[in-house]
>>> print(open('entry-v1.csv').read())   # CSV, C-alpha atoms
chain,number,residue,atom,x,y,z
A,1,MET,CA,0.0,0.0,0.0
A,2,SER,CA,1.4,3.4,-1.0
A,3,ARG,CA,2.2,6.0,1.7
A,4,GLU,CA,-1.0,7.8,2.7
A,5,ARG,CA,-1.0,11.4,1.5
A,6,ARG,CA,-4.2,12.4,3.1
A,7,ASN,CA,-4.3,14.0,6.6
A,8,LEU,CA,-4.7,11.2,9.1
A,9,TYR,CA,-6.9,13.2,11.4
A,10,ARG,CA,-9.3,13.8,8.5
A,11,ILE,CA,-9.4,10.2,7.6
A,12,LEU,CA,-10.7,9.4,11.0
A,13,HIS,CA,-12.8,12.6,11.1
A,14,VAL,CA,-11.3,13.8,14.3
A,15,GLN,CA,-9.6,17.1,15.3
A,16,PRO,CA,-5.8,17.3,15.8
A,17,GLU,CA,-6.3,18.0,19.5
A,18,ALA,CA,-8.6,15.0,20.0
A,19,PRO,CA,-7.8,12.8,23.1
A,20,PRO,CA,-6.9,9.1,22.6
A,21,GLU,CA,-10.3,7.9,23.6
A,22,VAL,CA,-12.1,10.0,21.0
A,23,ILE,CA,-9.7,8.8,18.3
A,24,LYS,CA,-10.4,5.2,19.3
A,25,ALA,CA,-14.2,5.8,19.4
A,26,ALA,CA,-14.1,7.5,16.0
A,27,TRP,CA,-12.2,4.5,14.4
A,28,ARG,CA,-14.6,2.0,16.0
A,29,ALA,CA,-17.6,4.0,14.8
A,30,LEU,CA,-16.3,4.2,11.2
A,31,MET,CA,-15.4,0.5,11.1
A,32,SER,CA,-18.6,-0.8,12.8
A,33,THR,CA,-21.6,1.6,12.8
A,34,LEU,CA,-20.6,3.2,9.5
A,35,ARG,CA,-19.8,-0.3,8.2
A,36,ALA,CA,-16.3,0.4,6.7
A,37,HIS,CA,-15.1,-3.1,7.8
A,38,PRO,CA,-15.0,-5.5,4.8
A,39,ASP,CA,-17.0,-8.1,6.9
A,40,LEU,CA,-19.8,-5.5,7.1
A,41,GLY,CA,-19.9,-4.6,3.5
A,42,GLY,CA,-17.0,-2.0,3.3
A,43,ASP,CA,-14.1,-2.2,0.8
A,44,THR,CA,-10.7,-3.4,1.7
A,45,GLU,CA,-8.8,-0.2,0.7
A,46,THR,CA,-11.0,2.0,2.9
A,47,ALA,CA,-10.6,-0.3,5.9
A,48,ALA,CA,-6.8,-0.4,5.4
A,49,ARG,CA,-6.6,3.4,5.2
A,50,LEU,CA,-8.6,3.7,8.5
A,51,ASN,CA,-6.5,1.1,10.2
A,52,ALA,CA,-3.2,2.7,9.0
A,53,ALA,CA,-4.4,6.1,10.3
A,54,TYR,CA,-5.4,4.6,13.7
A,55,GLU,CA,-2.1,2.8,14.1
A,56,VAL,CA,-0.3,6.1,13.9
A,57,LEU,CA,-2.7,8.3,15.9
A,58,SER,CA,-3.1,5.7,18.7
A,59,ASP,CA,0.6,5.5,19.3
A,60,PRO,CA,1.8,8.5,21.3
A,61,ALA,CA,5.3,8.5,19.9
A,62,ARG,CA,4.2,8.1,16.2
A,63,ARG,CA,1.5,10.6,16.7
A,64,ALA,CA,3.9,13.2,18.1
A,65,ALA,CA,6.2,12.7,15.1
A,66,TYR,CA,3.3,12.9,12.7
A,67,ASP,CA,2.2,16.2,14.4
A,68,ARG,CA,5.7,17.6,13.9
A,69,SER,CA,5.6,16.7,10.2
A,70,LEU,CA,2.3,18.6,9.9
A,71,ARG,CA,3.8,21.7,11.4
A,72,ARG,CA,6.7,21.6,9.0
A,73,THR,CA,4.4,21.3,6.0
A,74,PRO,CA,4.8,24.5,3.8
A,75,ARG,CA,1.8,26.6,2.8
A,76,GLY,CA,1.5,27.7,-0.8
A,77,PRO,CA,0.3,26.9,-4.3
A,78,ALA,CA,2.6,24.0,-4.8
A,79,ALA,CA,1.3,20.5,-4.4
A,80,PRO,CA,1.4,19.4,-0.8
A,81,PRO,CA,4.0,16.7,0.3
A,82,ALA,CA,3.0,13.4,1.9
A,83,ASP,CA,0.8,13.6,5.0
A,84,SER,CA,-0.1,17.3,4.4
A,85,ALA,CA,-3.8,18.3,4.8
A,86,PRO,CA,-5.8,19.1,1.7
A,87,ARG,CA,-7.7,22.4,1.8
A,88,ALA,CA,-11.5,22.2,1.6
A,89,SER,CA,-12.8,24.0,-1.5
A,90,ALA,CA,-16.6,23.6,-1.4
A,91,SER,CA,-19.5,23.5,1.0
A,92,PRO,CA,-20.7,21.7,3.0
A,93,PRO,CA,-18.0,22.4,5.6
A,94,PRO,CA,-15.8,19.6,7.0
A,95,ALA,CA,-17.5,17.3,9.4
A,96,PRO,CA,-16.7,17.4,13.1
A,97,PRO,CA,-15.4,14.2,14.7
A,98,PRO,CA,-18.0,11.4,14.6
A,99,ARG,CA,-18.9,10.2,18.1
A,100,ALA,CA,-18.7,6.7,19.5
A,101,ALA,CA,-21.0,4.0,18.2
A,102,ALA,CA,-23.9,3.1,20.4
A,103,GLY,CA,-22.9,0.4,22.7
A,104,SER,CA,-19.1,1.0,22.1
A,105,GLY,CA,-18.6,2.8,25.4
A,106,GLY,CA,-19.3,6.4,24.5
A,107,CYS,CA,-22.3,8.5,23.5
A,108,PRO,CA,-22.4,9.0,19.7
A,109,PHE,CA,-23.5,12.7,20.2
A,110,CYS,CA,-21.3,14.0,23.0
A,111,GLY,CA,-18.7,11.3,23.5
A,112,HIS,CA,-19.5,10.8,27.2
A,113,PRO,CA,-18.5,7.3,28.3
A,114,HIS,CA,-21.1,4.8,29.4
A,115,ALA,CA,-21.3,1.2,30.5
A,116,PRO,CA,-20.8,-1.4,27.7
A,117,THR,CA,-24.2,-3.0,28.5
A,118,LEU,CA,-27.1,-0.6,28.5
A,119,PRO,CA,-30.7,-1.0,29.8
A,120,ARG,CA,-33.6,-0.6,27.4
A,121,ASP,CA,-34.4,3.1,26.6
A,122,ALA,CA,-31.0,4.1,28.1
A,123,ARG,CA,-30.0,7.8,27.8
A,124,CYS,CA,-26.7,9.6,28.1
A,125,SER,CA,-26.1,10.9,31.6
A,126,ALA,CA,-24.3,14.0,30.1
A,127,CYS,CA,-26.5,15.2,27.2
A,128,ASP,CA,-29.7,13.0,27.6
A,129,SER,CA,-29.4,11.6,24.1
A,130,PRO,CA,-31.0,8.2,23.4
A,131,LEU,CA,-28.4,5.4,23.5
A,132,THR,CA,-30.5,2.4,22.4
A,133,PRO,CA,-29.3,1.2,18.9
A,134,LEU,CA,-31.7,0.1,16.3
A,135,PRO,CA,-32.1,-3.7,15.7
A,136,ALA,CA,-30.3,-5.0,12.6
A,137,ARG,CA,-32.6,-5.9,9.7
A,138,PRO,CA,-31.5,-7.7,6.6
A,139,ARG,CA,-31.7,-5.8,3.3
A,140,ARG,CA,-31.9,-7.7,0.1
A,141,GLY,CA,-30.7,-6.0,-3.1
A,142,GLU,CA,-30.4,-2.6,-1.6
A,143,ALA,CA,-27.8,-0.4,-3.3
A,144,ALA,CA,-25.4,1.6,-1.0
A,145,GLY,CA,-26.8,5.0,-0.2
A,146,ARG,CA,-30.3,4.3,-1.6
A,147,ARG,CA,-33.4,3.4,0.3
A,148,HIS,CA,-35.0,0.2,-1.0
A,149,ASP,CA,-38.0,0.4,1.3
A,150,GLU,CA,-41.1,2.4,0.8
A,151,ARG,CA,-40.9,6.0,2.0
A,152,PHE,CA,-43.7,7.4,4.2
A,153,ALA,CA,-44.2,11.1,3.7
A,154,ARG,CA,-44.0,13.3,6.7
A,155,ASP,CA,-44.3,17.1,7.0
A,156,ALA,CA,-43.5,18.3,10.4
A,157,VAL,CA,-41.2,20.9,12.1
A,158,VAL,CA,-38.5,19.1,14.2
A,159,GLU,CA,-35.8,20.2,16.6
A,160,LEU,CA,-32.2,19.7,15.3
A,161,ARG,CA,-29.3,19.8,17.6
A,162,LEU,CA,-25.6,19.8,16.9
A,163,PRO,CA,-22.9,18.8,19.4
A,164,ALA,CA,-21.2,22.2,19.4
A,165,GLU,CA,-24.3,24.3,19.6
A,166,ARG,CA,-26.3,25.1,22.8
A,167,LEU,CA,-29.6,26.1,21.1
A,168,PRO,CA,-31.5,23.8,18.8
A,169,ARG,CA,-32.2,24.6,15.1
A,170,ARG,CA,-35.5,24.2,13.3
A,171,ALA,CA,-35.7,21.7,10.5
A,172,ARG,CA,-38.5,20.0,8.5
A,173,LEU,CA,-39.0,16.3,8.4
A,174,ARG,CA,-39.8,15.2,4.9
A,175,ASP,CA,-40.1,11.4,5.1
A,176,LEU,CA,-39.4,8.3,7.1
A,177,SER,CA,-38.8,4.7,5.9
A,178,PHE,CA,-37.5,1.4,7.3
A,179,THR,CA,-34.1,2.8,6.2
A,180,GLY,CA,-33.9,6.3,7.6
A,181,LEU,CA,-35.2,9.8,7.3
A,182,GLN,CA,-35.0,12.9,5.2
A,183,LEU,CA,-34.8,16.5,6.5
A,184,TRP,CA,-35.0,19.9,4.9
A,185,VAL,CA,-32.6,22.4,6.5
A,186,GLU,CA,-31.5,26.0,5.7
A,187,THR,CA,-27.7,25.4,5.8
A,188,PRO,CA,-25.7,22.5,4.6
A,189,LEU,CA,-24.5,19.7,6.9
A,190,ALA,CA,-21.4,17.7,6.3
A,191,VAL,CA,-21.5,13.9,5.6
A,192,GLY,CA,-20.6,12.0,8.8
A,193,ARG,CA,-21.9,14.7,11.2
A,194,VAL,CA,-23.9,13.4,14.1
A,195,LEU,CA,-27.2,15.2,14.8
A,196,ARG,CA,-29.9,14.8,17.4
A,197,VAL,CA,-33.5,15.0,15.9
A,198,THR,CA,-36.4,15.4,18.3
A,199,THR,CA,-40.1,15.2,17.5
A,200,PRO,CA,-43.2,14.5,19.6
A,201,GLN,CA,-43.0,10.9,18.3
A,202,PHE,CA,-39.3,10.1,18.6
A,203,ASP,CA,-35.9,11.2,19.8
A,204,ALA,CA,-33.0,10.0,17.6
A,205,LEU,CA,-29.3,10.4,16.9
A,206,VAL,CA,-28.6,10.6,13.1
A,207,SER,CA,-25.4,10.4,11.1
A,208,VAL,CA,-25.6,12.4,7.9
A,209,VAL,CA,-25.0,10.3,4.8
A,210,GLY,CA,-26.0,12.8,2.1
A,211,CYS,CA,-26.7,16.5,1.7
A,212,ARG,CA,-27.6,18.3,-1.5
A,213,LYS,CA,-28.9,21.8,-2.5
A,214,GLN,CA,-32.6,22.0,-2.8
A,215,GLY,CA,-34.2,25.4,-3.6
A,216,VAL,CA,-33.2,27.9,-0.9
A,217,GLY,CA,-32.2,25.2,1.5
A,218,HIS,CA,-30.7,21.7,1.6
A,219,SER,CA,-32.1,18.1,1.6
A,220,VAL,CA,-30.3,15.9,4.2
A,221,HIS,CA,-30.5,12.1,4.3
A,222,GLY,CA,-29.5,10.5,7.6
A,223,ARG,CA,-28.6,7.1,9.0
A,224,LEU,CA,-30.3,6.4,12.4
A,225,LEU,CA,-27.8,5.5,15.1
A,226,THR,CA,-30.1,5.3,18.1
A,227,LEU,CA,-33.8,5.8,18.6
A,228,SER,CA,-36.2,6.3,21.5
A,229,LEU,CA,-39.9,6.2,20.6
A,230,ALA,CA,-42.6,8.1,22.6
A,231,PRO,CA,-45.1,5.8,24.3
A,232,ALA,CA,-47.8,6.7,21.8
A,233,ALA,CA,-45.6,6.5,18.7
A,234,LYS,CA,-44.9,2.7,18.3
A,235,GLY,CA,-46.0,2.8,14.7
A,236,VAL,CA,-43.4,5.1,13.4
A,237,TYR,CA,-41.4,3.7,10.4
A,238,VAL,CA,-37.7,3.9,11.0
A,239,ASP,CA,-34.6,1.8,10.6
A,240,ALA,CA,-30.8,2.2,10.3
A,241,GLN,CA,-29.8,3.6,6.9
A,242,ALA,CA,-31.0,6.5,4.8
>>> encode(input="entry-v1.csv", output="structure tokens")
Amino acid sequence: MSRERRNLYRILHVQPEAPPEVIKAAWRALMSTLRAHPDLGGDTETAARLNAAYEVLSDPARRAAYDRSLRRTPRGPAAPPADSAPRASASPPPAPPPRAAAGSGGCPFCGHPHAPTLPRDARCSACDSPLTPLPARPRRGEAAGRRHDERFARDAVVELRLPAERLPRRARLRDLSFTGLQLWVETPLAVGRVLRVTTPQFDALVSVVGCRKQGVGHSVHGRLLTLSLAPAAKGVYVDAQA
């Protein structure tokens, strides 16, 4: 495998100042919840790239040397050398670090640690986000990134929360299916970003898998990571992939 020229922090979707436990949680989330591992349907090259980045960033000495190489990287119009960070050129903005997968020891939304085994309808003690993962459901003949199941139209205003923001945003729920949901938002959201979507029927953590311009706003498709249904909302159609 050729030497990786992309920024290792960006490969794992973490910030350069991320502590070791966040780096580990991000790697596990990408390999398991986001299904990058070949055994879960991911491709070998992507999995190898994630593992190589994790091997460097999880080792204190190798990470320190890598950080020094980033600080020595010259800025300018010339092509960047190996391990330099490519500059973003288009919206949506870069995604913040993905959080830990549900059940992996950390809240996917805020990263707060929790017990490996969770009770039913468990919630994060730090941010109150739902921690119960969705049950796995087999999908036959479903193309990656496309919803094979029937969509059920919904038109409702929902609360949308981002980890770095104290106040919720307003968004519009467009549809639900056995494979996820679609939202309409005013500003773009980066793929991989973890959101909290709250409605009177359910409270869910969602990983953005697609975002495209639509009129004066943006259409966002999300993968459900966790879900808590209201007592009177047991008929809501949801599942794990948008």
>>> closest_residue(input="entry-v1.csv", among="A:Leu227, A:Cys211, A:Val206, A:Ala164", to="Val191 in chain A", atoms="only C-alpha atoms")
A:Cys211
>>> closest_residue(input="entry-v1.csv", among="A:Cys110, A:Leu183, A:Ala230, A:Leu118", to="Glu165 in chain A", atoms="only C-alpha atoms")
A:Cys110
>>> residues_around(input="entry-v1.csv", residues="Tyr9 in chain A", least_positions_apart="6", cutoff="8 Å", atoms="all atoms listed in the file", output="PyMOL selection string")
chain A and resi 15-16+53+57
>>> residues_near_point(input="entry-v1.csv", point="(-7.1, 2.7, 7.7)", cutoff="10 Å", atoms="all atoms listed in the file", output="tab-separated table (two decimals) with C-alpha atoms, in the coordinates of the input")
chain	number	residue	atom	x	y	z
A	4	GLU	CA	-1.00	7.80	2.70
A	8	LEU	CA	-4.70	11.20	9.10
A	11	ILE	CA	-9.40	10.20	7.60
A	12	LEU	CA	-10.70	9.40	11.00
A	27	TRP	CA	-12.20	4.50	14.40
A	30	LEU	CA	-16.30	4.20	11.20
A	31	MET	CA	-15.40	0.50	11.10
A	36	ALA	CA	-16.30	0.40	6.70
A	37	HIS	CA	-15.10	-3.10	7.80
A	44	THR	CA	-10.70	-3.40	1.70
A	45	GLU	CA	-8.80	-0.20	0.70
A	46	THR	CA	-11.00	2.00	2.90
A	47	ALA	CA	-10.60	-0.30	5.90
A	48	ALA	CA	-6.80	-0.40	5.40
A	49	ARG	CA	-6.60	3.40	5.20
A	50	LEU	CA	-8.60	3.70	8.50
A	51	ASN	CA	-6.50	1.10	10.20
A	52	ALA	CA	-3.20	2.70	9.00
A	53	ALA	CA	-4.40	6.10	10.30
A	54	TYR	CA	-5.40	4.60	13.70
A	55	GLU	CA	-2.10	2.80	14.10
A	56	VAL	CA	-0.30	6.10	13.90
>>> closest_residue(input="entry-v1.csv", among="A:Ala115, A:Ala25, A:Ala61, A:Val220", to="Gly180 in chain A", atoms="all atoms listed in the file")
A:Val220
